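Dumped query-v6.cif below, it's mmCIF, C-alpha atoms:
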```
data_data
loop_
_atom_site.label_atom_id
_atom_site.label_comp_id
_atom_site.auth_asym_id
_atom_site.auth_seq_id
_atom_site.Cartn_x
_atom_site.Cartn_y
_atom_site.Cartn_z
CA MET Y 28 0.00 0.00 0.00
CA ARG Y 29 2.83 2.35 0.92
CA THR Y 30 4.63 1.60 -2.37
CA PHE Y 31 1.41 2.43 -4.26
CA LEU Y 32 1.06 5.80 -2.49
CA VAL Y 33 4.69 6.68 -3.17
CA ALA Y 34 4.19 5.91 -6.85
CA ILE Y 35 1.18 8.22 -6.99
CA LEU Y 36 3.10 11.02 -5.27
CA LEU Y 37 6.02 10.65 -7.65
CA THR Y 38 3.67 10.73 -10.62
CA LEU Y 39 2.06 13.94 -9.38
CA ALA Y 40 5.41 15.50 -8.50
CA ALA Y 41 7.04 14.82 -11.88
CA PRO Y 42 5.09 17.35 -13.95
CA PHE Y 43 5.31 19.86 -11.10
CA SER Y 44 9.10 19.55 -11.05
CA ALA Y 45 9.29 19.84 -14.83
CA HIS Y 46 7.34 23.08 -14.77
CA ALA Y 47 8.56 24.47 -11.44
CA GLN Y 48 10.71 27.15 -13.06
CA SER Y 49 7.85 28.38 -15.28
CA ALA Y 50 5.06 28.15 -12.71
CA ASP Y 51 4.62 31.92 -12.66
CA LEU Y 52 4.34 32.02 -16.44
CA VAL Y 53 1.87 29.15 -16.45
CA LEU Y 54 -0.39 30.99 -14.00
CA CYS Y 55 0.09 34.26 -15.88
CA ASP Y 56 -0.96 32.55 -19.12
CA ARG Y 57 -3.96 30.97 -17.46
CA VAL Y 58 -5.54 34.25 -16.36
CA ALA Y 59 -4.05 36.90 -18.67
CA ALA Y 60 -2.77 35.50 -21.98
CA ASP Y 61 -4.19 37.17 -25.08
CA PRO Y 62 -5.76 34.62 -27.48
CA GLY Y 63 -4.39 36.65 -30.41
CA ASP Y 64 -0.81 36.98 -29.14
CA PRO Y 65 1.50 35.32 -31.71
CA ASP Y 66 3.92 34.53 -28.85
CA LYS Y 67 1.27 32.42 -27.10
CA PRO Y 68 1.86 28.64 -27.30
CA ALA Y 69 -0.83 26.68 -29.12
CA ASP Y 70 -1.85 24.83 -25.97
CA VAL Y 71 -2.61 28.09 -24.13
CA LYS Y 72 -6.20 29.16 -24.73
CA GLY Y 73 -5.98 32.73 -23.43
CA VAL Y 74 -8.77 35.08 -22.37
CA THR Y 75 -10.37 37.84 -24.42
CA GLU Y 76 -10.76 39.97 -21.31
CA ILE Y 77 -9.15 39.47 -17.91
CA ALA Y 78 -11.86 38.78 -15.34
CA ALA Y 79 -12.09 41.35 -12.55
CA SER Y 80 -11.61 38.58 -10.00
CA ASP Y 81 -8.35 37.53 -11.73
CA VAL Y 82 -6.70 40.94 -12.11
CA ALA Y 83 -4.72 40.82 -8.85
CA THR Y 84 -3.58 37.26 -9.62
CA ALA Y 85 -2.58 38.27 -13.14
CA ILE Y 86 -0.54 41.24 -11.93
CA LYS Y 87 1.20 39.13 -9.28
CA PHE Y 88 2.26 36.19 -11.45
CA CYS Y 89 2.81 38.04 -14.72
CA LYS Y 90 5.03 40.53 -12.87
CA GLN Y 91 7.10 37.65 -11.48
CA ALA Y 92 7.41 36.00 -14.88
CA ALA Y 93 7.94 39.21 -16.87
CA PRO Y 94 11.74 39.63 -16.42
CA SER Y 95 12.38 36.45 -18.41
CA SER Y 96 9.36 36.42 -20.72
CA ARG Y 97 8.19 39.11 -23.13
CA ARG Y 98 4.85 37.29 -23.34
CA ALA Y 99 4.41 37.71 -19.59
CA MET Y 100 5.49 41.36 -19.84
CA PHE Y 101 2.80 41.94 -22.48
CA ALA Y 102 0.22 40.11 -20.34
CA LEU Y 103 1.27 42.23 -17.37
CA GLY Y 104 0.39 45.28 -19.44
CA ARG Y 105 -3.03 43.77 -20.12
CA ALA Y 106 -3.52 43.17 -16.40
CA TYR Y 107 -2.56 46.73 -15.55
CA ALA Y 108 -4.90 48.03 -18.26
CA ALA Y 109 -7.73 45.90 -16.85
CA ASN Y 110 -7.00 47.49 -13.47
CA ARG Y 111 -7.07 50.98 -15.04
CA GLN Y 112 -3.38 51.51 -14.34
CA THR Y 113 -2.77 53.06 -17.74
CA ALA Y 114 0.73 54.41 -17.09
CA ASP Y 115 1.90 51.03 -15.77
CA ALA Y 116 0.30 49.26 -18.72
CA MET Y 117 2.09 51.52 -21.20
CA ALA Y 118 5.40 50.98 -19.42
CA ALA Y 119 4.99 47.20 -19.52
CA TRP Y 120 4.02 47.24 -23.20
CA ARG Y 121 7.02 49.41 -24.07
CA LYS Y 122 9.33 46.93 -22.35
CA ALA Y 123 7.63 44.00 -24.13
CA ALA Y 124 7.79 45.81 -27.48
CA ASP Y 125 11.50 46.51 -26.96
CA LYS Y 126 11.95 42.76 -26.52
CA GLY Y 127 10.12 42.13 -29.81
CA SER Y 128 6.52 41.52 -28.74
CA SER Y 129 4.39 42.39 -31.77
CA ALA Y 130 1.25 42.20 -29.63
CA ALA Y 131 2.65 44.93 -27.38
CA MET Y 132 3.48 47.03 -30.45
CA VAL Y 133 -0.16 46.82 -31.51
CA GLU Y 134 -1.43 47.89 -28.08
CA LEU Y 135 0.96 50.84 -28.06
CA GLY Y 136 -0.16 51.71 -31.58
CA VAL Y 137 -3.79 51.69 -30.49
CA ALA Y 138 -2.91 53.94 -27.55
CA TYR Y 139 -1.17 56.45 -29.82
CA GLY Y 140 -3.89 56.20 -32.45
CA THR Y 141 -6.65 56.95 -29.94
CA GLY Y 142 -4.73 59.18 -27.56
CA THR Y 143 -5.27 56.82 -24.61
CA GLY Y 144 -2.69 57.46 -21.90
CA VAL Y 145 -0.48 59.41 -24.32
CA ALA Y 146 -0.79 62.35 -26.67
CA LYS Y 147 -2.51 61.27 -29.88
CA ASP Y 148 0.10 60.62 -32.57
CA GLU Y 149 -1.11 58.81 -35.68
CA ALA Y 150 2.34 58.85 -37.24
CA GLN Y 151 3.74 56.97 -34.23
CA ALA Y 152 0.75 54.61 -34.31
CA ARG Y 153 1.46 53.85 -37.95
CA LYS Y 154 5.14 53.12 -37.21
CA LEU Y 155 4.16 50.68 -34.48
CA PHE Y 156 1.53 48.97 -36.64
CA GLU Y 157 4.02 48.72 -39.49
CA LYS Y 158 6.61 47.11 -37.22
CA ALA Y 159 4.03 44.65 -35.89
CA ALA Y 160 2.83 43.96 -39.43
CA GLN Y 161 6.36 43.25 -40.61
CA ALA Y 162 6.56 40.69 -37.79
CA GLY Y 163 3.42 39.07 -39.22
CA ASN Y 164 0.99 40.17 -36.50
CA PRO Y 165 -2.56 40.05 -38.00
CA ARG Y 166 -3.86 42.89 -35.81
CA GLY Y 167 -0.89 45.02 -36.76
CA ILE Y 168 -1.67 44.46 -40.42
CA SER Y 169 -5.40 45.10 -40.16
CA ASN Y 170 -4.93 48.16 -37.92
CA LEU Y 171 -2.42 49.57 -40.38
CA ALA Y 172 -4.98 49.20 -43.16
CA ALA Y 173 -7.74 50.68 -41.01
CA LEU Y 174 -5.58 53.65 -40.08
CA GLY Y 175 -5.02 54.49 -43.73
CA SER Y 176 -8.68 54.00 -44.69
CA THR Y 177 -9.93 56.40 -42.02
CA GLY Y 178 -7.81 59.29 -43.16
CA GLY Y 179 -4.98 58.69 -40.73
CA ALA Y 180 -1.28 58.74 -41.48
CA PRO Y 181 -0.76 57.81 -45.14
CA ALA Y 182 0.30 54.28 -45.94
CA ASP Y 183 1.45 52.57 -49.12
CA PRO Y 184 -1.76 50.89 -50.40
CA ALA Y 185 0.13 48.26 -52.39
CA GLN Y 186 2.27 47.33 -49.38
CA THR Y 187 -0.76 47.26 -47.09
CA ARG Y 188 -2.60 45.04 -49.56
CA ALA Y 189 0.33 42.62 -49.68
CA LEU Y 190 0.56 42.48 -45.89
CA LEU Y 191 -3.19 41.94 -45.59
CA GLY Y 192 -2.94 39.07 -48.05
CA LYS Y 193 -0.74 37.18 -45.60
CA ALA Y 194 -2.91 37.86 -42.57
CA ALA Y 195 -6.18 37.17 -44.40
CA GLU Y 196 -5.47 33.45 -44.40
CA THR Y 197 -6.66 33.25 -40.79
CA ASN Y 198 -7.72 36.69 -39.52
CA ALA Y 199 -11.30 37.94 -40.00
CA GLU Y 200 -10.43 41.62 -39.67
CA ALA Y 201 -7.67 41.24 -42.26
CA GLN Y 202 -10.11 39.45 -44.58
CA TYR Y 203 -12.56 42.33 -44.21
CA GLN Y 204 -9.94 45.03 -44.74
CA LEU Y 205 -8.47 43.27 -47.77
CA GLY Y 206 -11.97 42.78 -49.15
CA LEU Y 207 -12.55 46.53 -48.89
CA MET Y 208 -9.33 47.26 -50.75
CA LEU Y 209 -10.20 44.78 -53.51
CA SER Y 210 -13.73 46.12 -53.83
CA GLU Y 211 -12.42 49.69 -54.14
CA GLY Y 212 -9.38 48.91 -56.28
CA ALA Y 213 -7.04 50.35 -53.64
CA GLY Y 214 -3.42 49.28 -53.98
CA GLY Y 215 -4.11 47.18 -57.08
CA ALA Y 216 -6.77 45.90 -59.44
CA LYS Y 217 -10.42 45.96 -58.46
CA ASP Y 218 -11.83 42.46 -57.96
CA ASP Y 219 -15.40 42.11 -56.71
CA VAL Y 220 -15.35 38.31 -56.91
CA ALA Y 221 -12.30 38.02 -54.67
CA ALA Y 222 -13.65 40.75 -52.38
CA ARG Y 223 -16.93 38.90 -51.96
CA ALA Y 224 -15.10 35.66 -51.16
CA LEU Y 225 -13.12 37.44 -48.44
CA PHE Y 226 -16.22 39.10 -47.00
CA GLU Y 227 -17.90 35.70 -46.93
CA LYS Y 228 -15.01 34.19 -44.95
CA ALA Y 229 -15.06 37.01 -42.42
CA ALA Y 230 -18.87 36.94 -42.24
CA ALA Y 231 -18.70 33.25 -41.34
CA GLN Y 232 -16.77 34.41 -38.26
CA ASN Y 233 -19.52 36.97 -37.43
CA HIS Y 234 -17.50 40.03 -38.42
CA PRO Y 235 -20.15 42.83 -38.41
CA GLY Y 236 -18.61 44.86 -41.23
CA ALA Y 237 -18.16 41.82 -43.43
CA LEU Y 238 -21.76 40.76 -42.82
CA GLU Y 239 -22.93 44.23 -43.89
CA ARG Y 240 -20.76 44.10 -47.02
CA MET Y 241 -22.07 40.63 -47.88
CA GLY Y 242 -25.57 42.08 -47.60
CA ALA Y 243 -24.68 44.91 -49.98
CA PHE Y 244 -22.94 42.60 -52.45
CA ALA Y 245 -25.85 40.12 -52.41
CA GLN Y 246 -28.35 42.96 -52.82
CA ASP Y 247 -26.55 44.43 -55.83
CA GLY Y 248 -25.22 41.19 -57.30
CA ARG Y 249 -21.62 42.31 -56.99
CA GLY Y 250 -19.06 39.55 -57.38
CA GLY Y 251 -21.74 36.86 -57.41
CA PRO Y 252 -25.46 36.11 -57.49
CA LYS Y 253 -28.05 38.75 -56.69
CA ASP Y 254 -30.19 37.58 -53.79
CA LYS Y 255 -32.39 40.02 -51.86
CA ASP Y 256 -33.41 37.43 -49.26
CA ALA Y 257 -29.78 36.61 -48.52
CA ALA Y 258 -28.96 40.32 -48.40
CA LYS Y 259 -31.64 40.90 -45.79
CA ALA Y 260 -30.40 37.97 -43.72
CA TYR Y 261 -26.84 39.31 -43.77
CA TYR Y 262 -28.03 42.80 -42.83
CA GLU Y 263 -30.06 41.39 -39.94
CA ARG Y 264 -27.06 39.48 -38.57
CA ALA Y 265 -24.83 42.56 -38.86
CA ALA Y 266 -27.47 44.81 -37.28
CA ALA Y 267 -27.83 42.40 -34.36
CA LEU Y 268 -24.10 42.88 -33.77
CA GLY Y 269 -24.55 46.65 -33.74
CA ASP Y 270 -23.50 47.60 -37.28
CA ALA Y 271 -25.06 51.02 -38.02
CA ASP Y 272 -24.79 50.71 -41.81
CA ALA Y 273 -26.64 47.41 -41.72
CA LYS Y 274 -29.43 48.97 -39.66
CA LYS Y 275 -29.78 51.75 -42.26
CA ALA Y 276 -29.78 49.20 -45.06
CA LEU Y 277 -32.59 47.27 -43.39
CA GLU Y 278 -34.60 50.47 -43.06
CA ARG Y 279 -34.09 51.19 -46.76
CA LEU Y 280 -35.31 47.69 -47.59
CA ARG Y 281 -38.38 48.24 -45.44
CA CYS Y 282 -39.06 51.73 -46.80
CA PRO Y 283 -37.70 51.71 -50.36
CA TYR Y 284 -39.66 54.65 -51.78
CA ALA Y 285 -38.90 58.26 -50.85
CA ILE Y 286 -41.47 60.99 -51.46
CA LYS Y 287 -39.91 64.41 -51.99
CA ASP Y 288 -41.32 67.93 -52.51
CA LYS Y 289 -40.55 70.25 -55.42
CA GLN Y 290 -37.35 71.38 -53.74
CA GLY Y 291 -36.16 67.82 -53.47
CA LYS Y 292 -36.60 67.61 -49.72
CA LEU Y 293 -37.72 64.31 -48.20
CA VAL Y 294 -41.38 64.42 -47.16
CA THR Y 295 -41.98 60.81 -46.26
CA THR Y 296 -41.17 57.24 -47.21
CA LEU Y 297 -43.35 54.36 -48.26
CA CYS Y 298 -42.74 51.31 -46.13
CA PHE Y 299 -43.79 47.69 -46.42
#
```

For this file, produce the structure as structure tokens.
Amino acid sequence: MRTFLVAILLTLAAPFSAHAQSADLVLCDRVAADPGDPDKPADVKGVTEIAASDVATAIKFCKQAAPSSRRAMFALGRAYAANRQTADAMAAWRKAADKGSSAAMVELGVAYGTGTGVAKDEAQARKLFEKAAQAGNPRGISNLAALGSTGGAPADPAQTRALLGKAAETNAEAQYQLGLMLSEGAGGAKDDVAARALFEKAAAQNHPGALERMGAFAQDGRGGPKDKDAAKAYYERAAALGDADAKKALERLRCPYAIKDKQGKLVTTLCF
């Protein structure tokens, strides 16, 4: 009986001993890893948002693991941000970015692009997104494209399109952004068929903008069959996710006829 118990204890102790040196990192990953962090091991699931009840734990263990792990340093920044310690979060992300964390570069870029915790600087945001994009970070690539499309710091459309092409293999936002570029002919030839295929991929992942674009393409027959029923279904799914353009499109479908006066001002609409 004693031999049996010893065997059990040794079995339980073996994995603990193997992971003893990285215990802090394991616990940091468990409560604070970002699912989209390219540094994250495949067997680490990650959390979209750090639970309020886990913030203190995340700060404690990520801080202990951070000196030897840029992934933990990035996660520490997430934990600080979740605790509304913006200055500490920025400091952690800068350290992680200096060590090569593309995820930290993206977070810093977002901060500069929105003016959160720092003075707004779209040129600096673009530099950070470009650096993350060059490292292959999907969010860096899609944010770089989004920054250019919203009138931010100018980017090379052809380069952005090429970068998006790499990220679009797996990333819904990149698929959507590349679809927009293809549909508008930005950075290369216009291709509605390819754009529609990309929107469809992103829509399958419930991307609101892609769902709205699929509705518009199905309604107009761009890049594929014209199908008003499918268009309405796409609009409804996008609207349910909060997409304002989809809500307007649904209203236009419901009230397609506009009655105007002699001056061309809208008087009323006919709805069905």

> In Å, with one decimal, what is the gap from CA of Ala108 (chain Y) to CA of Leu268 (chain Y)?
Replying inline: 25.2 Å

>> Taking 4 positions as the minimum chain separation for residues in the same chain, which residues sit within 8 Å of Gln151 (chain Y) when counting only C-alpha atoms? Answer as a list in words.
In response: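 Residues meeting the cut-off are Gly136, Tyr139, Gly140 and Leu155 of chain Y.
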
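Using only C-alpha atoms, the nearest neighbour of Leu209 (chain Y) within the list Y:Gly144, Y:Gly163, Y:Gly250, Y:Pro235 is Y:Gly250.
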
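Going from CA of Glu157 (chain Y) over to CA of Leu191 (chain Y), you cover 11.6 Å.
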
> Given the file above and the PyMOL selection byres ((chain Y and resi 128) around 9), which residues are selected, and can you give them as number ranges by chain?
Replying inline: Y: 64-66, 97-98, 100-101, 120, 122-127, 129-133, 159

Write to file, as a PDB file, in the frame of the given file, the residues of the selection just made, with C-alpha atoms.
```
ATOM      1  CA  ASP Y  64      -0.810  36.980 -29.140  1.00  0.00           C
ATOM      2  CA  PRO Y  65       1.500  35.320 -31.710  1.00  0.00           C
ATOM      3  CA  ASP Y  66       3.920  34.530 -28.850  1.00  0.00           C
ATOM      4  CA  ARG Y  97       8.190  39.110 -23.130  1.00  0.00           C
ATOM      5  CA  ARG Y  98       4.850  37.290 -23.340  1.00  0.00           C
ATOM      6  CA  MET Y 100       5.490  41.360 -19.840  1.00  0.00           C
ATOM      7  CA  PHE Y 101       2.800  41.940 -22.480  1.00  0.00           C
ATOM      8  CA  TRP Y 120       4.020  47.240 -23.200  1.00  0.00           C
ATOM      9  CA  LYS Y 122       9.330  46.930 -22.350  1.00  0.00           C
ATOM     10  CA  ALA Y 123       7.630  44.000 -24.130  1.00  0.00           C
ATOM     11  CA  ALA Y 124       7.790  45.810 -27.480  1.00  0.00           C
ATOM     12  CA  ASP Y 125      11.500  46.510 -26.960  1.00  0.00           C
ATOM     13  CA  LYS Y 126      11.950  42.760 -26.520  1.00  0.00           C
ATOM     14  CA  GLY Y 127      10.120  42.130 -29.810  1.00  0.00           C
ATOM     15  CA  SER Y 129       4.390  42.390 -31.770  1.00  0.00           C
ATOM     16  CA  ALA Y 130       1.250  42.200 -29.630  1.00  0.00           C
ATOM     17  CA  ALA Y 131       2.650  44.930 -27.380  1.00  0.00           C
ATOM     18  CA  MET Y 132       3.480  47.030 -30.450  1.00  0.00           C
ATOM     19  CA  VAL Y 133      -0.160  46.820 -31.510  1.00  0.00           C
ATOM     20  CA  ALA Y 159       4.030  44.650 -35.890  1.00  0.00           C
TER      21      ALA Y 159
END
```

Work out where the centre of an axis-aligned box around every listed atom of region 85-92 of chain Y lies and how long its edges are once 4 Å is added on each side; give both in Å to one decimal as JSON.
```
{"center_x": 2.4, "center_y": 38.6, "center_z": -12.1, "size_x": 18.0, "size_y": 13.2, "size_z": 13.6}
```

> What gap, in Å, lies between CA of Thr113 (chain Y) and CA of Gly269 (chain Y)?
Replying inline: 27.8 Å

Distance query region 215-223 of chain Y at most 7 Å, all atoms listed in the file, self and fewer than 2 positions along chain excluded, as a PDB file with C-alpha atoms, in the frame of the given file:
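The resulting file, part-v7.pdb, is reproduced below:
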```
ATOM      1  CA  ALA Y 185       0.130  48.260 -52.390  1.00  0.00           C
ATOM      2  CA  GLY Y 206     -11.970  42.780 -49.150  1.00  0.00           C
ATOM      3  CA  LEU Y 207     -12.550  46.530 -48.890  1.00  0.00           C
ATOM      4  CA  LEU Y 209     -10.200  44.780 -53.510  1.00  0.00           C
ATOM      5  CA  SER Y 210     -13.730  46.120 -53.830  1.00  0.00           C
ATOM      6  CA  GLU Y 211     -12.420  49.690 -54.140  1.00  0.00           C
ATOM      7  CA  GLY Y 212      -9.380  48.910 -56.280  1.00  0.00           C
ATOM      8  CA  ALA Y 213      -7.040  50.350 -53.640  1.00  0.00           C
ATOM      9  CA  LEU Y 225     -13.120  37.440 -48.440  1.00  0.00           C
ATOM     10  CA  PHE Y 226     -16.220  39.100 -47.000  1.00  0.00           C
ATOM     11  CA  GLU Y 227     -17.900  35.700 -46.930  1.00  0.00           C
ATOM     12  CA  MET Y 241     -22.070  40.630 -47.880  1.00  0.00           C
ATOM     13  CA  ARG Y 249     -21.620  42.310 -56.990  1.00  0.00           C
ATOM     14  CA  GLY Y 250     -19.060  39.550 -57.380  1.00  0.00           C
ATOM     15  CA  GLY Y 251     -21.740  36.860 -57.410  1.00  0.00           C
TER      16      GLY Y 251
END
```

> If you apply the PyMOL selection byres ((chain Y and resi 80) around 12) to this file, what residues do you get, as number ranges by chain?
Replying inline: Y: 58-59, 76-79, 81-86, 106, 109-110

> Which residues fall under the PyMOL selection byres ((chain Y and resi 189) around 12) in this file, as a PyMOL selection string?
Replying inline: chain Y and resi 160-161+163+168-169+171-172+183-188+190-195+201+204-205+208-209+213-215

>> Just checking: using only C-alpha atoms, which residue out of Y:Ala230, Y:Ala114, Y:Ala271, Y:Leu277 ends up closest to Asp256 (chain Y)?
In response: Y:Leu277
